[in-house]
file structure.cif (mmCIF, C-alpha atoms)
data_input
loop_
_atom_site.label_atom_id
_atom_site.label_comp_id
_atom_site.auth_asym_id
_atom_site.auth_seq_id
_atom_site.Cartn_x
_atom_site.Cartn_y
_atom_site.Cartn_z
CA VAL A 1 -16.46 10.40 -2.42
CA HIS A 2 -14.01 8.57 -0.15
CA SER A 3 -12.19 11.38 1.65
CA PRO A 4 -12.63 14.95 2.94
CA ARG A 5 -9.93 16.12 0.56
CA MET A 6 -11.83 14.71 -2.41
CA LYS A 7 -14.91 16.59 -1.22
CA HIS A 8 -12.88 19.77 -0.84
CA ASP A 9 -11.51 19.41 -4.37
CA LEU A 10 -15.03 19.10 -5.79
CA ILE A 11 -16.20 22.13 -3.83
CA THR A 12 -13.29 24.21 -5.16
CA ARG A 13 -14.44 23.20 -8.64
CA GLY A 14 -17.90 24.62 -8.01
CA VAL A 15 -19.85 21.64 -6.70
CA ALA A 16 -22.28 22.56 -3.91
CA PRO A 17 -21.12 21.14 -0.53
CA ASP A 18 -24.53 19.62 0.23
CA LEU A 19 -24.30 17.53 -2.94
CA VAL A 20 -21.15 15.71 -1.76
CA ALA A 21 -21.06 13.03 0.93
CA VAL A 22 -17.94 11.37 2.30
CA VAL A 23 -18.05 7.59 2.79
CA PRO A 24 -14.73 5.80 3.32
CA HIS A 25 -13.40 3.05 1.10
CA GLY A 26 -14.03 -0.36 2.62
CA SER A 27 -11.49 -2.77 4.08
CA ARG A 28 -11.92 -6.52 3.65
CA ILE A 29 -11.06 -8.07 7.00
CA LEU A 30 -8.94 -11.19 6.63
CA SER A 31 -6.66 -13.11 8.95
CA GLU A 32 -2.94 -12.83 8.32
CA GLY A 33 -3.08 -16.40 7.09
CA ASP A 34 -0.42 -19.08 7.38
CA VAL A 35 2.72 -17.03 6.80
CA ALA A 36 5.10 -20.01 6.67
CA ALA A 37 2.92 -21.95 4.22
CA SER A 38 2.39 -18.87 2.03
CA ARG A 39 6.12 -18.18 1.91
CA ALA A 40 6.85 -21.78 1.06
CA GLN A 41 4.25 -21.69 -1.73
CA LEU A 42 5.77 -18.53 -3.24
CA GLN A 43 9.35 -19.64 -2.55
CA ILE A 44 10.28 -16.67 -0.40
CA PRO A 45 13.76 -17.19 1.14
CA ASP A 46 13.84 -18.60 4.66
CA GLY A 47 14.19 -15.96 7.35
CA ALA A 48 13.51 -13.09 4.96
CA LYS A 49 12.14 -9.74 6.16
CA GLU A 50 9.86 -9.19 3.19
CA ILE A 51 8.87 -5.82 1.76
CA LEU A 52 5.97 -6.14 -0.68
CA PHE A 53 4.94 -3.80 -3.46
CA PHE A 54 1.54 -4.82 -4.80
CA GLY A 55 -0.39 -3.56 -7.82
CA PHE A 56 -0.01 -2.28 -11.35
CA LEU A 57 3.46 -1.10 -12.29
CA TRP A 58 3.78 2.36 -13.83
CA LEU A 59 5.82 5.52 -13.40
CA GLY A 60 3.43 7.04 -10.86
CA LYS A 61 4.01 4.21 -8.38
CA GLY A 62 7.59 5.20 -7.50
CA ILE A 63 9.11 1.75 -7.98
CA GLU A 64 12.49 3.10 -9.13
CA PHE A 65 12.65 5.07 -5.89
CA LEU A 66 11.65 1.96 -3.93
CA LEU A 67 14.58 0.05 -5.43
CA ASP A 68 16.94 2.80 -4.31
CA VAL A 69 15.41 2.72 -0.83
CA PHE A 70 15.66 -1.05 -0.71
CA ARG A 71 19.40 -0.89 -1.36
CA GLY A 72 19.72 1.31 1.73
CA VAL A 73 17.54 -1.02 3.78
CA LEU A 74 19.65 -4.03 2.79
CA ARG A 75 22.74 -2.39 4.26
CA GLN A 76 21.07 -2.41 7.68
CA VAL A 77 18.81 -5.46 7.30
CA PRO A 78 20.75 -8.01 5.22
CA GLU A 79 17.86 -10.49 5.39
CA ALA A 80 15.48 -8.01 3.72
CA PHE A 81 13.75 -9.21 0.54
CA LEU A 82 11.67 -7.20 -1.93
CA LEU A 83 8.73 -8.78 -3.78
CA VAL A 84 7.28 -6.62 -6.54
CA GLY A 85 3.87 -8.16 -7.10
CA GLY A 86 1.93 -7.32 -10.24
CA HIS A 87 2.72 -6.15 -13.75
CA THR A 88 2.01 -3.34 -16.18
CA ARG A 89 -1.61 -2.77 -17.08
CA HIS A 90 -0.95 -3.79 -20.71
CA ARG A 91 1.58 -6.32 -21.95
CA ARG A 92 2.88 -3.89 -24.55
CA TRP A 93 4.33 -1.85 -21.68
CA SER A 94 6.25 -4.79 -20.25
CA PHE A 95 9.54 -3.18 -21.32
CA TYR A 96 9.15 -1.08 -18.16
CA VAL A 97 9.45 -4.22 -16.04
CA ASN A 98 12.60 -5.15 -17.94
CA TYR A 99 13.98 -1.70 -17.14
CA LEU A 100 13.17 -2.19 -13.43
CA ARG A 101 14.93 -5.56 -13.43
CA ALA A 102 17.98 -3.97 -15.05
CA ARG A 103 17.92 -1.15 -12.49
CA ALA A 104 17.77 -3.68 -9.64
CA ALA A 105 20.82 -5.43 -11.11
CA LEU A 106 22.75 -2.15 -11.44
CA LEU A 107 21.92 -1.31 -7.82
CA GLY A 108 23.19 -4.71 -6.73
CA VAL A 109 19.90 -5.82 -5.17
CA SER A 110 18.61 -8.28 -7.76
CA GLY A 111 19.69 -11.24 -5.61
CA ARG A 112 17.26 -10.11 -2.89
CA CYS A 113 14.49 -8.89 -5.18
CA ARG A 114 11.84 -10.66 -7.26
CA PHE A 115 9.43 -9.32 -9.87
CA TRP A 116 6.23 -11.32 -10.10
CA GLY A 117 6.10 -10.91 -13.86
CA GLY A 118 2.35 -11.07 -14.44
CA PHE A 119 -1.15 -10.42 -13.15
CA ILE A 120 -1.85 -11.89 -9.70
CA PRO A 121 -5.19 -13.77 -9.74
CA GLN A 122 -7.67 -12.73 -7.05
CA ASP A 123 -7.64 -16.09 -5.29
CA LEU A 124 -3.87 -15.75 -4.77
CA VAL A 125 -3.95 -12.18 -3.43
CA PRO A 126 -4.32 -13.15 0.28
CA THR A 127 -1.39 -15.55 -0.07
CA VAL A 128 0.82 -12.82 -1.54
CA TYR A 129 -0.09 -10.40 1.25
CA ALA A 130 0.43 -13.10 3.88
CA THR A 131 4.12 -13.36 2.94
CA ALA A 132 4.83 -9.68 3.67
CA ASP A 133 6.30 -8.05 6.75
CA VAL A 134 5.77 -4.54 5.34
CA VAL A 135 3.79 -3.31 2.33
CA ALA A 136 5.38 -0.29 0.61
CA MET A 137 3.36 2.30 -1.32
CA PRO A 138 5.85 4.93 -2.59
CA TYR A 139 3.35 6.52 -5.00
CA ARG A 140 3.79 9.85 -6.77
CA GLN A 141 0.22 10.85 -7.58
CA ASP A 142 -0.68 14.51 -7.14
CA TYR A 143 -4.45 14.11 -7.28
CA SER A 144 -6.83 13.33 -4.43
CA SER A 145 -8.04 9.75 -4.19
CA VAL A 146 -7.76 6.83 -1.79
CA SER A 147 -5.88 3.55 -2.11
CA GLY A 148 -7.49 0.15 -2.45
CA VAL A 149 -4.08 -1.45 -1.82
CA MET A 150 -3.79 0.42 1.48
CA HIS A 151 -7.22 -0.87 2.54
CA GLU A 152 -6.31 -4.42 1.50
CA THR A 153 -3.11 -4.11 3.53
CA ALA A 154 -5.05 -2.86 6.56
CA GLY A 155 -7.61 -5.63 6.18
CA MET A 156 -4.80 -8.19 6.38
CA GLY A 157 -3.36 -6.44 9.44
CA LYS A 158 -0.05 -5.84 7.70
CA LEU A 159 2.44 -3.08 8.40
CA MET A 160 2.72 -0.37 5.78
CA ILE A 161 4.70 2.67 4.72
CA CYS A 162 3.11 5.16 2.33
CA SER A 163 4.01 8.38 0.56
CA ARG A 164 2.84 11.51 2.35
CA ILE A 165 0.43 12.53 -0.42
CA ALA A 166 -3.31 13.10 -0.72
CA LYS A 167 -3.95 9.46 -1.58
CA PHE A 168 -2.84 8.41 1.91
CA ASP A 169 -4.46 11.12 4.03
CA GLU A 170 -6.25 8.33 5.90
CA VAL A 171 -2.97 6.82 7.03
CA GLU A 172 -1.82 10.12 8.53
CA THR A 173 -5.12 11.07 10.16
CA SER A 174 -6.66 7.71 11.09
CA ILE A 175 -3.73 5.33 11.66
CA ASP A 176 -0.40 7.04 12.43
CA PRO A 177 1.63 9.74 10.59
CA GLY A 178 4.76 7.74 11.39
CA LEU A 179 3.71 5.31 8.66
CA THR A 180 4.13 7.99 5.98
CA ALA A 181 7.16 9.74 4.52
CA GLU A 182 7.73 12.42 1.92
CA PRO A 183 7.77 10.84 -1.56
CA ASN A 184 11.38 11.82 -2.31
CA ASP A 185 12.91 11.57 1.16
CA ARG A 186 15.04 8.47 0.68
CA GLU A 187 16.57 8.57 4.15
CA ALA A 188 13.17 8.86 5.85
CA TRP A 189 11.90 5.85 3.89
CA ILE A 190 14.95 3.81 4.82
CA GLU A 191 14.72 4.79 8.48
CA THR A 192 11.01 3.95 8.70
CA MET A 193 11.34 0.63 6.87
CA VAL A 194 14.25 -0.45 9.04
CA ARG A 195 12.34 0.50 12.17
CA LEU A 196 9.28 -1.46 11.06
CA LEU A 197 11.47 -4.49 10.38
CA ARG A 198 13.62 -4.24 13.52
CA ASP A 199 11.64 -2.50 16.29
CA GLU A 200 9.21 -5.22 17.37
CA GLU A 201 7.39 -3.12 19.97
CA TRP A 202 6.78 -0.21 17.61
CA ALA A 203 5.68 -2.62 14.89
CA ARG A 204 3.22 -4.21 17.34
CA GLN A 205 1.77 -0.81 18.21
CA MET A 206 1.41 0.11 14.55
CA LYS A 207 -0.30 -3.21 13.79
CA GLU A 208 -2.85 -2.55 16.51
CA LYS A 209 -3.63 0.86 15.01
CA ILE A 210 -3.89 -0.63 11.53
CA ARG A 211 -6.30 -3.32 12.73
CA ARG A 212 -8.49 -0.74 14.46
CA PHE A 213 -8.63 1.31 11.27
CA ALA A 214 -9.56 -1.79 9.26
CA GLU A 215 -12.37 -2.62 11.66
CA GLN A 216 -13.68 0.95 11.50
CA THR A 217 -13.66 0.83 7.69
CA SER A 218 -14.80 -2.77 7.31
CA TRP A 219 -17.14 -3.35 4.39
CA GLU A 220 -19.86 -4.13 6.91
CA ASN A 221 -19.54 -0.67 8.48
CA VAL A 222 -19.09 1.07 5.14
CA GLY A 223 -22.15 -0.74 3.79
CA LYS A 224 -24.21 0.62 6.70
CA LEU A 225 -22.98 4.13 5.94
CA HIS A 226 -24.07 3.74 2.31
CA GLY A 227 -27.45 2.42 3.42
CA ASP A 228 -27.95 5.37 5.78
CA LEU A 229 -27.03 7.80 3.01
CA TYR A 230 -29.44 6.19 0.52
CA ARG A 231 -32.26 6.34 3.07
CA GLU A 232 -31.61 10.04 3.63
CA LEU A 233 -31.73 10.66 -0.14
CA ILE A 234 -34.95 8.68 -0.54
CA GLU A 235 -36.55 10.55 2.34
CA GLY A 236 -35.38 13.85 0.90
CA ARG A 237 -33.34 14.91 3.89
#
call {"tool": "encode", "arguments": {"input": "structure.cif", "output": "structure tokens"}}
result
Amino acid sequence: VHSPRMKHDLITRGVAPDLVAVVPHGSRILSEGDVAASRAQLQIPDGAKEILFFGFLWLGKGIEFLLDVFRGVLRQVPEAFLLVGGHTRHRRWSFYVNYLRARAALLGVSGRCRFWGGFIPQDLVPTVYATADVVAMPYRQDYSSVSGVMHETAGMGKLMICSRIAKFDEVETSIDPGLTAEPNDREAWIETMVRLLRDEEWARQMKEKIRRFAEQTSWENVGKLHGDLYRELIEGR
């Protein structure tokens, strides 16, 4: 499994501790890319402080909450811009995206918000991440797991803010707890986002921590951990 909490959950369900090994999810290390060119390609407004949501859209991702938070951020950072990248897992659920667009309009943020409107092809993923100043993960999932999006964000060296839930234990313990907030604490989310967008020194410090975490969990290092584990199993240790 990918985290100590996941191991703990299996043990509480009766699995023997010596049958469970913890190996972290890997991070693909990439450069931040050409931010200006990426923004021009995706037509992000000039001078925008971009907040990116990336991934499948569904109720457990907290996107309605993110729109509320974004309205508060805009009041303090008028140049803020929200890009919601991705779509529902199945086209028949696309009415949910229409609802989110309507909610953005009712909140008065639609002029500074864009919904991608479809699946983002893999070769375009680095470009989408390159445009972001901060990646937001306001998830509402009450089960233990880890986040591939968080590891992609770390691998790109991008700032992040995540819900303080089991899925983001790694952020609290291995990067910095200041990059997490309670899932329903709107004011804490606004305060942290604004600080990430405005406080250049703090943002620099957080980026350094994120990069270190990405290097520690690079696929090269994670691959070695898997290899070591397989050798132990083969040798019967």
call {"tool": "closest_atom_pairs", "arguments": {"input": "structure.cif", "of": "stretch 131-233 of chain A", "to": "stretch 104-127 of chain A", "cutoff": "12 Å", "atoms": "only C-alpha atoms", "output": "tab-separated table"}}
result
residue	atom	partner	partner_atom	distance
A:Thr131	CA	A:Thr127	CA	6.6
A:Ala132	CA	A:Thr127	CA	9.3
A:Val149	CA	A:Val125	CA	10.9
A:Glu152	CA	A:Pro126	CA	9.0
A:Thr153	CA	A:Pro126	CA	9.7
A:Gly155	CA	A:Pro126	CA	10.1
A:Met156	CA	A:Pro126	CA	7.9
A:Gly157	CA	A:Pro126	CA	11.4
A:Lys158	CA	A:Pro126	CA	11.3
call {"tool": "residues_around", "arguments": {"input": "structure.cif", "residues": "A:Phe213", "least_positions_apart": "4", "cutoff": "9 Å", "atoms": "only C-alpha atoms", "output": "VMD selection string"}}
result
chain A and resid 27 154 to 155 171 174 to 175 208 to 209 217 to 218
call {"tool": "write_last_selection", "arguments": {"input": "structure.cif", "atoms": "C-alpha atoms", "output": "mmCIF file, in the frame of the given file"}}
result
data_model
loop_
_atom_site.group_PDB
_atom_site.id
_atom_site.type_symbol
_atom_site.label_atom_id
_atom_site.label_comp_id
_atom_site.auth_asym_id
_atom_site.auth_seq_id
_atom_site.Cartn_x
_atom_site.Cartn_y
_atom_site.Cartn_z
ATOM 1 C CA SER A 27 -11.490 -2.770 4.080
ATOM 2 C CA ALA A 154 -5.050 -2.860 6.560
ATOM 3 C CA GLY A 155 -7.610 -5.630 6.180
ATOM 4 C CA VAL A 171 -2.970 6.820 7.030
ATOM 5 C CA SER A 174 -6.660 7.710 11.090
ATOM 6 C CA ILE A 175 -3.730 5.330 11.660
ATOM 7 C CA GLU A 208 -2.850 -2.550 16.510
ATOM 8 C CA LYS A 209 -3.630 0.860 15.010
ATOM 9 C CA THR A 217 -13.660 0.830 7.690
ATOM 10 C CA SER A 218 -14.800 -2.770 7.310
#
call {"tool": "resolve_selection", "arguments": {"input": "structure.cif", "expression": "the PyMOL selection byres ((chain A and resi 58) around 12)", "output": "list in words"}}
result
Phe54, Gly55, Phe56, Leu57, Leu59, Gly60, Lys61, Gly62, Ile63, Glu64, Gly86, His87, Thr88, Arg89, His90, Trp93, Ser94, Phe95, Tyr96, Val97, Tyr99, Leu100, Pro138, Tyr139, Arg140 and Gln141 of chain A
call {"tool": "axis_aligned_box", "arguments": {"input": "structure.cif", "around": "stretch 5-8 of chain A", "padding_each_side": "6 Å", "output": "JSON"}}
result
{"center_x": -12.4, "center_y": 17.2, "center_z": -0.9, "size_x": 17.0, "size_y": 17.1, "size_z": 15.0}
call {"tool": "closest_residue", "arguments": {"input": "structure.cif", "among": "A:Pro183, A:Gly236, A:Ile161, A:Glu170", "to": "A:Asp142", "atoms": "all atoms listed in the file"}}
result
A:Pro183
call {"tool": "atom_distance", "arguments": {"input": "structure.cif", "atom1": "atom CA of A:Ala188", "atom2": "atom CA of A:Gln216"}}
result
28.6 Å
call {"tool": "atom_distance", "arguments": {"input": "structure.cif", "atom1": "atom CA of A:Asp199", "atom2": "atom CA of A:Phe65"}}
result
23.5 Å
call {"tool": "closest_residue", "arguments": {"input": "structure.cif", "among": "A:Asn98, A:Thr180, A:Ser3, A:Thr173", "to": "A:Val135", "atoms": "all atoms listed in the file"}}
result
A:Thr180
call {"tool": "closest_residue", "arguments": {"input": "structure.cif", "among": "A:Met6, A:Ile190, A:Val69, A:Val134", "to": "A:Lys167", "atoms": "all atoms listed in the file"}}
result
A:Met6
call {"tool": "closest_residue", "arguments": {"input": "structure.cif", "among": "A:Ile51, A:Ala203, A:His25, A:Glu232", "to": "A:Phe168", "atoms": "all atoms listed in the file"}}
result
A:His25
call {"tool": "closest_residue", "arguments": {"input": "structure.cif", "among": "A:Val84, A:Ala136, A:Val22, A:Val194", "to": "A:Val1", "atoms": "all atoms listed in the file"}}
result
A:Val22
call {"tool": "resolve_selection", "arguments": {"input": "structure.cif", "expression": "the PyMOL selection byres ((chain A and resi 49) around 12)", "output": "PDB file with C-alpha atoms, in the frame of the given file"}}
result
ATOM      1  CA  VAL A  35       2.720 -17.030   6.800  1.00  0.00           C
ATOM      2  CA  ARG A  39       6.120 -18.180   1.910  1.00  0.00           C
ATOM      3  CA  ILE A  44      10.280 -16.670  -0.400  1.00  0.00           C
ATOM      4  CA  PRO A  45      13.760 -17.190   1.140  1.00  0.00           C
ATOM      5  CA  ASP A  46      13.840 -18.600   4.660  1.00  0.00           C
ATOM      6  CA  GLY A  47      14.190 -15.960   7.350  1.00  0.00           C
ATOM      7  CA  ALA A  48      13.510 -13.090   4.960  1.00  0.00           C
ATOM      8  CA  GLU A  50       9.860  -9.190   3.190  1.00  0.00           C
ATOM      9  CA  ILE A  51       8.870  -5.820   1.760  1.00  0.00           C
ATOM     10  CA  LEU A  52       5.970  -6.140  -0.680  1.00  0.00           C
ATOM     11  CA  PHE A  70      15.660  -1.050  -0.710  1.00  0.00           C
ATOM     12  CA  VAL A  73      17.540  -1.020   3.780  1.00  0.00           C
ATOM     13  CA  LEU A  74      19.650  -4.030   2.790  1.00  0.00           C
ATOM     14  CA  GLN A  76      21.070  -2.410   7.680  1.00  0.00           C
ATOM     15  CA  VAL A  77      18.810  -5.460   7.300  1.00  0.00           C
ATOM     16  CA  PRO A  78      20.750  -8.010   5.220  1.00  0.00           C
ATOM     17  CA  GLU A  79      17.860 -10.490   5.390  1.00  0.00           C
ATOM     18  CA  ALA A  80      15.480  -8.010   3.720  1.00  0.00           C
ATOM     19  CA  PHE A  81      13.750  -9.210   0.540  1.00  0.00           C
ATOM     20  CA  LEU A  82      11.670  -7.200  -1.930  1.00  0.00           C
ATOM     21  CA  LEU A  83       8.730  -8.780  -3.780  1.00  0.00           C
ATOM     22  CA  ARG A 112      17.260 -10.110  -2.890  1.00  0.00           C
ATOM     23  CA  CYS A 113      14.490  -8.890  -5.180  1.00  0.00           C
ATOM     24  CA  THR A 131       4.120 -13.360   2.940  1.00  0.00           C
ATOM     25  CA  ALA A 132       4.830  -9.680   3.670  1.00  0.00           C
ATOM     26  CA  ASP A 133       6.300  -8.050   6.750  1.00  0.00           C
ATOM     27  CA  VAL A 134       5.770  -4.540   5.340  1.00  0.00           C
ATOM     28  CA  VAL A 135       3.790  -3.310   2.330  1.00  0.00           C
ATOM     29  CA  LEU A 159       2.440  -3.080   8.400  1.00  0.00           C
ATOM     30  CA  MET A 193      11.340   0.630   6.870  1.00  0.00           C
ATOM     31  CA  VAL A 194      14.250  -0.450   9.040  1.00  0.00           C
ATOM     32  CA  ARG A 195      12.340   0.500  12.170  1.00  0.00           C
ATOM     33  CA  LEU A 196       9.280  -1.460  11.060  1.00  0.00           C
ATOM     34  CA  LEU A 197      11.470  -4.490  10.380  1.00  0.00           C
ATOM     35  CA  ARG A 198      13.620  -4.240  13.520  1.00  0.00           C
TER      36      ARG A 198
END
call {"tool": "resolve_selection", "arguments": {"input": "structure.cif", "expression": "the PyMOL selection byres ((chain A and resi 21) around 10)", "output": "list of chain:residue names"}}
result
A:Val1, A:His2, A:Ser3, A:Pro4, A:Met6, A:Lys7, A:Pro17, A:Asp18, A:Leu19, A:Val20, A:Val22, A:Val23, A:Pro24, A:His226, A:Leu229
call {"tool": "closest_residue", "arguments": {"input": "structure.cif", "among": "A:Gly178, A:Asp169, A:Arg92, A:Val222", "to": "A:Ser145", "atoms": "only C-alpha atoms"}}
result
A:Asp169
call {"tool": "build_atoms", "arguments": {"input": "structure.cif", "residues": "stretch 165-175 of chain A", "atoms": "all heavy atoms", "output": "compact mmCIF listing (two decimals), keeping the file's coordinate frame"}}
result
# COMPACT_ATOMS: atom_id res chain seq x y z
N ILE A 165 1.15 11.85 0.66
CA ILE A 165 0.43 12.53 -0.42
C ILE A 165 -1.06 12.40 -0.14
O ILE A 165 -1.48 11.67 0.77
CB ILE A 165 0.78 11.92 -1.80
CG1 ILE A 165 0.46 10.42 -1.84
CG2 ILE A 165 2.23 12.18 -2.16
CD1 ILE A 165 0.66 9.77 -3.19
N ALA A 166 -1.86 13.09 -0.95
CA ALA A 166 -3.31 13.10 -0.72
C ALA A 166 -3.91 11.71 -0.69
O ALA A 166 -4.85 11.44 0.07
CB ALA A 166 -3.99 13.94 -1.81
N LYS A 167 -3.38 10.81 -1.48
CA LYS A 167 -3.95 9.46 -1.58
C LYS A 167 -3.93 8.73 -0.24
O LYS A 167 -4.75 7.85 0.01
CB LYS A 167 -3.17 8.65 -2.62
CG LYS A 167 -3.85 7.37 -3.09
CD LYS A 167 -3.03 6.72 -4.19
CE LYS A 167 -3.80 5.59 -4.86
NZ LYS A 167 -4.88 6.07 -5.72
N PHE A 168 -2.99 9.12 0.63
CA PHE A 168 -2.84 8.41 1.91
C PHE A 168 -3.14 9.32 3.10
O PHE A 168 -2.60 9.11 4.19
CB PHE A 168 -1.43 7.82 2.00
CG PHE A 168 -1.13 6.83 0.91
CD1 PHE A 168 -0.22 7.14 -0.10
CD2 PHE A 168 -1.79 5.62 0.86
CE1 PHE A 168 0.05 6.24 -1.11
CE2 PHE A 168 -1.54 4.71 -0.16
CZ PHE A 168 -0.62 5.01 -1.15
N ASP A 169 -4.02 10.29 2.90
CA ASP A 169 -4.46 11.12 4.03
C ASP A 169 -4.97 10.26 5.18
O ASP A 169 -4.74 10.57 6.36
CB ASP A 169 -5.58 12.06 3.58
CG ASP A 169 -5.08 13.29 2.84
OD1 ASP A 169 -3.85 13.52 2.83
OD2 ASP A 169 -5.91 14.03 2.27
N GLU A 170 -5.68 9.19 4.86
CA GLU A 170 -6.25 8.33 5.90
C GLU A 170 -5.18 7.75 6.82
O GLU A 170 -5.41 7.57 8.01
CB GLU A 170 -7.03 7.18 5.27
CG GLU A 170 -8.29 7.56 4.55
CD GLU A 170 -8.86 6.37 3.82
OE1 GLU A 170 -8.23 5.86 2.89
OE2 GLU A 170 -9.98 5.94 4.19
N VAL A 171 -4.04 7.41 6.23
CA VAL A 171 -2.97 6.82 7.03
C VAL A 171 -2.48 7.83 8.06
O VAL A 171 -2.29 7.51 9.24
CB VAL A 171 -1.81 6.34 6.14
CG1 VAL A 171 -0.67 5.76 6.98
CG2 VAL A 171 -2.30 5.31 5.14
N GLU A 172 -2.28 9.08 7.62
CA GLU A 172 -1.82 10.12 8.53
C GLU A 172 -2.84 10.44 9.61
O GLU A 172 -2.51 10.57 10.79
CB GLU A 172 -1.50 11.39 7.75
CG GLU A 172 -0.16 11.37 7.03
CD GLU A 172 0.28 12.78 6.69
OE1 GLU A 172 0.97 13.40 7.52
OE2 GLU A 172 -0.07 13.25 5.59
N THR A 173 -4.11 10.58 9.23
CA THR A 173 -5.12 11.07 10.16
C THR A 173 -5.79 9.97 10.97
O THR A 173 -6.23 10.21 12.09
CB THR A 173 -6.21 11.86 9.41
OG1 THR A 173 -6.85 11.00 8.45
CG2 THR A 173 -5.61 13.05 8.68
N SER A 174 -5.87 8.75 10.43
CA SER A 174 -6.66 7.71 11.09
C SER A 174 -5.85 6.52 11.57
O SER A 174 -6.38 5.68 12.30
CB SER A 174 -7.75 7.20 10.13
OG SER A 174 -8.61 8.26 9.74
N ILE A 175 -4.58 6.43 11.16
CA ILE A 175 -3.73 5.33 11.66
C ILE A 175 -2.57 5.93 12.44
O ILE A 175 -2.62 6.00 13.65
CB ILE A 175 -3.23 4.43 10.51
CG1 ILE A 175 -4.42 3.85 9.70
CG2 ILE A 175 -2.40 3.27 11.08
CD1 ILE A 175 -4.01 2.99 8.53
